[in-house]
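*Asks:* Supplied in structure tokens, the structure appears directly below.
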Amino acid sequence: MTLRSKSLFAADPHIQSRKRADARFKLYGLAAILAGLALLAVLLGTVIGNGLGAFQQSYLTLEVELLESKLDKNGNRDIEEIKKVTTFGYDPLLTAAAERLIETQNIQTDLRAKDIAKLLSKSAVSDLRDFVVADTSRIGRTVSFDFLVNARVDGYLKGRVTRESIADDKMISAEQLDAVDQLVAAGALVKRFNLDFILGSDASDQRPEAAGIGTAMLGSLAMMLVVLVLTLPVGVSASIYLEEFAPKNRLTDLIEVNISNLAAVPSIVFGILGLAVFINILHLPMSAPLVGGLVLSLMTLPTIIISSRAAMKSVPPSIRDAALGVGASRMQAVFHHVLPLAAPGILTGTIIGLAQALGETAPLLLIGMVGFIASTTPETMGDALLAPNSALPAQIFEWAKRADPAFYERAWGGIIVLLVFLVAMNAVAILLRRRFERRW
Amino acid sequence: MSASKISARACNVFYGDTHAIKGVNVDIGSKSVTAFIGPSGCGKSTFLRCLNRMNDTIDTCRVEGTITLDGENIYDPRVDPVTLRARVGMVFQKPNPFPKSIFDNVAYGPKIHGMAKSKSDLRDIVENALRRAAIWDEVKDRLDAPGTGLSGGQQQRLCIARAIATQPEVLLMDEPCSALDPIATFQIEELIDDLAKNISVVIVTHSMQQAARVSQKTAFFHLGELVEFGDTDDIFTNPSDPRTESYITGRIG
């Protein structure tokens, strides 16, 4: 009693030290959050700074005369005959176009037209050939065509390649860069938004400028579809049974513990399992998104079961009592009352599980979805599931390990696409939770 | 004793190793109110939940002895607890309306039991139940409003309406007024009086005044045993067991 001072205003040393401890604790928390935010800012800054370049590409506009004498010698527009002309047959057209460019734009250079044509991407000829094969009536006309330039020139425009850095480079010379400068000044060589990065397919080592992430994105989408279709019904049914119907005994305890353990198993283990079971025993195709989806489903199931059970557990027991009390069967109580109330939690858990699966690379290594997979945009659902494909994170990994720095830039660009996907999925999760959340 | 609706004989209830109800014999009359009183943890709620097999949902709970409804053993393996609960309704301690509209709350029971042939039938059943629960006038203009938005007393009357919508023969009430203010309590008690004209009501209560006001018969439970069972007037004025006397005079419990 005597320890306590009489006045409420009197400063008590004990209270003072308690207050200081409070203030210190607040400060630690604030510091931790600020450090986290700073790291996040650095991460986002780096990703955006390095990756934004991938969304832009440099193009050189050439007037190409599609000579009938080269492309369709008989002049009968027979598509089979036109297809017989290989990309080598188109090379002279590009050289001629480059020559015309030097004349019309008045480019001062000692280089031959052939060397100017080398500024173009290695995919330029096949792009032109595709353009002609798509519509043979173009033969004989002169068309204006935007060609991708090669990664060195593109890098020069983006500041990645400098005159110093190409001193020992066999791919490009200082004279070529002089010509590039003049072409840019003339407006023939421009850098603009590149939709093909978002929609296109991966390209070989030699053509980083033509590589896109679209096909890998479709691979990821196909896998997510498989994961959703398999895990949502199986996971929700399993958790309903375990939470609402299963007797509490040793066996169900064991199952519960093991589900929690499965959620912590390294994902590469699921990859090995997928290789052993789905590919070696069941002989499903290698590198197929279907197999990737199956493997990721195994990995995602525990997450979905755990979050669904938590969501059902958080529905107050009084709701079950109320339903049973008016004579509902246990199944009616679950499906009419518990499940609708648990739905936001279940959906959120499912989307978080999907997002986790979307970012997973390790299990895909073992089933052949990581590496250069010469794929084209799948045309049918069957193709999307069974044709060899990559996935977003696998594609990023593949680009990051290639030698050309132009691929490095694309890896960062891929990370931006992946992050946009993840943010979108989390936003959907939040929206669903807000939309369906009901109070009781 | 021919008028008894529910009879329990040598009823024992165990929660795992805990012996919660010890050899209870009791007869609950039809069209009357029976009150269960006793200190907390004496087993009165447990026993109440045995009467419509709500204890089935608790894994560790085991019931011995017989409990009959109109002479039929409700623990017979042939009995479906769902049909039993349609005939023996229940109102819980805490108002627990479904997070749905007022209408859907009341209509749920009749719907799952297929009691309404048409939409207008269902509307009549809902209106009738809400009228009998003395809440119709307060909610008739907002049947689409969520049941959880009502006040505590209204929610409890809604729960009573929900319970009587399936036209049960017995209504079990587990401390229905413990979360309510005196005005709401008064309304519920009037309602119980009214209901007892047609069905038998069993009410668990902590308030001895309430037991005295609403019930015709009172059972006093202590430590899992049924100490005394008889006319309410006798229990409160002339208890035969000293434990009953101690409890109603406030010395134990």
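Just remember, in the structure tokens the first chain shown is A, the second B, etc., residues are 1-based per chain, and ligands are 1-based in the order shown.
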Using the chain letters and numbers from this document, which residues of segment 21-243 of chain B does DSSP assign to alpha helix (DSSP H), as a CSV table (one decimal) with C-alpha atoms, in the first residue's frame?
*Replies:*
```csv
chain,number,residue,atom,x,y,z
B,44,LYS,CA,-29.9,-31.2,-16.7
B,45,SER,CA,-28.9,-30.0,-20.2
B,46,THR,CA,-27.3,-33.3,-20.9
B,47,PHE,CA,-30.5,-35.1,-20.0
B,48,LEU,CA,-32.5,-32.7,-22.1
B,49,ARG,CA,-30.3,-33.4,-25.1
B,50,CYS,CA,-30.9,-37.1,-24.7
B,81,PRO,CA,-32.8,-39.5,-35.2
B,82,VAL,CA,-33.9,-37.2,-38.0
B,83,THR,CA,-37.6,-38.2,-37.7
B,84,LEU,CA,-37.3,-38.1,-34.0
B,85,ARG,CA,-36.0,-34.5,-34.0
B,86,ALA,CA,-38.8,-33.5,-36.3
B,87,ARG,CA,-41.2,-34.6,-33.6
B,102,ILE,CA,-36.2,-14.6,-41.5
B,103,PHE,CA,-38.4,-16.4,-43.9
B,104,ASP,CA,-35.8,-19.0,-44.8
B,105,ASN,CA,-35.0,-19.6,-41.2
B,106,VAL,CA,-38.6,-20.6,-40.4
B,107,ALA,CA,-39.2,-22.3,-43.8
B,108,TYR,CA,-36.1,-24.5,-43.5
B,109,GLY,CA,-37.6,-27.3,-41.3
B,110,PRO,CA,-40.9,-27.6,-43.3
B,111,LYS,CA,-38.9,-27.6,-46.5
B,112,ILE,CA,-36.6,-30.4,-45.7
B,119,LYS,CA,-45.2,-21.9,-52.1
B,120,SER,CA,-48.4,-20.5,-50.6
B,121,ASP,CA,-48.5,-23.5,-48.3
B,122,LEU,CA,-45.0,-22.7,-47.1
B,123,ARG,CA,-45.9,-19.0,-46.6
B,124,ASP,CA,-48.9,-20.0,-44.5
B,125,ILE,CA,-46.7,-22.4,-42.4
B,126,VAL,CA,-44.1,-19.6,-41.9
B,127,GLU,CA,-46.7,-17.0,-41.0
B,128,ASN,CA,-48.5,-19.4,-38.6
B,129,ALA,CA,-45.2,-20.3,-36.8
B,130,LEU,CA,-44.2,-16.7,-36.5
B,131,ARG,CA,-47.6,-15.7,-35.2
B,132,ARG,CA,-47.5,-18.5,-32.6
B,136,TRP,CA,-45.1,-11.9,-36.6
B,137,ASP,CA,-46.1,-8.3,-36.0
B,138,GLU,CA,-42.5,-7.3,-35.6
B,139,VAL,CA,-41.1,-9.0,-38.7
B,152,GLY,CA,-31.5,-11.0,-29.0
B,153,GLY,CA,-35.1,-11.5,-27.8
B,154,GLN,CA,-36.4,-11.4,-31.3
B,155,GLN,CA,-33.8,-13.9,-32.5
B,156,GLN,CA,-34.8,-16.3,-29.7
B,157,ARG,CA,-38.4,-16.0,-30.7
B,158,LEU,CA,-37.4,-16.6,-34.3
B,159,CYS,CA,-35.6,-19.8,-33.2
B,160,ILE,CA,-38.8,-20.8,-31.4
B,161,ALA,CA,-40.8,-20.1,-34.5
B,162,ARG,CA,-38.3,-22.2,-36.5
B,163,ALA,CA,-38.6,-25.1,-34.0
B,164,ILE,CA,-42.5,-25.1,-34.0
B,165,ALA,CA,-42.7,-24.7,-37.7
B,182,PRO,CA,-36.5,-9.3,-18.5
B,183,ILE,CA,-38.9,-7.9,-21.1
B,184,ALA,CA,-37.9,-10.5,-23.7
B,185,THR,CA,-37.9,-13.2,-21.0
B,186,PHE,CA,-41.5,-12.2,-20.1
B,187,GLN,CA,-42.5,-12.5,-23.8
B,188,ILE,CA,-40.9,-16.0,-24.1
B,189,GLU,CA,-42.6,-17.2,-20.9
B,190,GLU,CA,-46.0,-16.1,-22.2
B,191,LEU,CA,-45.2,-17.9,-25.3
B,192,ILE,CA,-44.3,-21.1,-23.4
B,193,ASP,CA,-47.7,-20.9,-21.6
B,194,ASP,CA,-49.4,-20.6,-24.9
B,195,LEU,CA,-47.5,-23.4,-26.6
B,208,MET,CA,-36.2,-20.8,-10.0
B,209,GLN,CA,-38.7,-18.0,-10.3
B,210,GLN,CA,-39.0,-18.9,-14.0
B,211,ALA,CA,-39.5,-22.5,-13.2
B,212,ALA,CA,-42.2,-21.6,-10.6
B,213,ARG,CA,-43.9,-19.2,-13.1
B,214,VAL,CA,-44.1,-21.4,-16.2
B,232,THR,CA,-44.0,-27.4,-9.1
B,233,ASP,CA,-46.0,-26.1,-6.2
B,234,ASP,CA,-44.9,-28.9,-4.0
B,235,ILE,CA,-41.2,-28.7,-4.9
B,236,PHE,CA,-41.1,-25.0,-4.1
B,237,THR,CA,-43.3,-24.9,-1.0
B,242,PRO,CA,-33.1,-31.7,2.1
B,243,ARG,CA,-30.9,-31.0,-1.0
```
*Asks:* Per residue of chain A within 12 Å of chain B, record the nearest atom pair and its distance in Å to one decimal, counting only C-alpha atoms, with rows in chain order and ascending residue number, as a tab-separated table.
*Replies:*
```
residue	atom	partner	partner_atom	distance
A:Glu244	CA	B:Thr57	CA	9.6
A:Phe245	CA	B:Thr57	CA	9.5
A:Ala246	CA	B:Asp59	CA	9.8
A:Pro247	CA	B:Asp59	CA	6.9
A:Lys248	CA	B:Asp59	CA	7.2
A:Asn249	CA	B:Asp59	CA	9.7
A:Val315	CA	B:Pro99	CA	11.1
A:Pro316	CA	B:Asn96	CA	9.4
A:Pro317	CA	B:Asn96	CA	9.7
A:Ser318	CA	B:Asn96	CA	6.1
A:Ile319	CA	B:Asn96	CA	6.4
A:Arg320	CA	B:Phe98	CA	9.5
A:Asp321	CA	B:Met54	CA	7.8
A:Ala322	CA	B:Asn96	CA	6.5
A:Ala323	CA	B:Gly109	CA	8.3
A:Leu324	CA	B:Arg85	CA	7.5
A:Gly325	CA	B:Met90	CA	5.5
A:Val326	CA	B:Gly109	CA	5.5
A:Gly327	CA	B:Arg85	CA	4.8
A:Ala328	CA	B:Val82	CA	6.2
A:Ser329	CA	B:Val82	CA	5.9
A:Arg330	CA	B:Val82	CA	8.9
A:Met331	CA	B:Val82	CA	11.2
A:Gln332	CA	B:Ile112	CA	8.5
A:Ala333	CA	B:Ile112	CA	10.6
A:His336	CA	B:Tyr108	CA	9.6
A:His337	CA	B:Phe98	CA	7.6
A:Val338	CA	B:Phe98	CA	10.1
A:Pro340	CA	B:Pro99	CA	9.9
A:Leu341	CA	B:Pro99	CA	8.5
A:Phe436	CA	B:Pro99	CA	11.8
A:Glu437	CA	B:Pro99	CA	10.6
A:Arg438	CA	B:Pro99	CA	7.1
A:Arg439	CA	B:Pro99	CA	6.8
A:Trp440	CA	B:Pro99	CA	5.5
```
*Asks:* In Å, rounded to a single decimal, give me how far atom CA of Val269 of chain A is from atom CA of Gly235 of chain A.
*Replies:*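 These atoms are spaced 20.1 Å apart.
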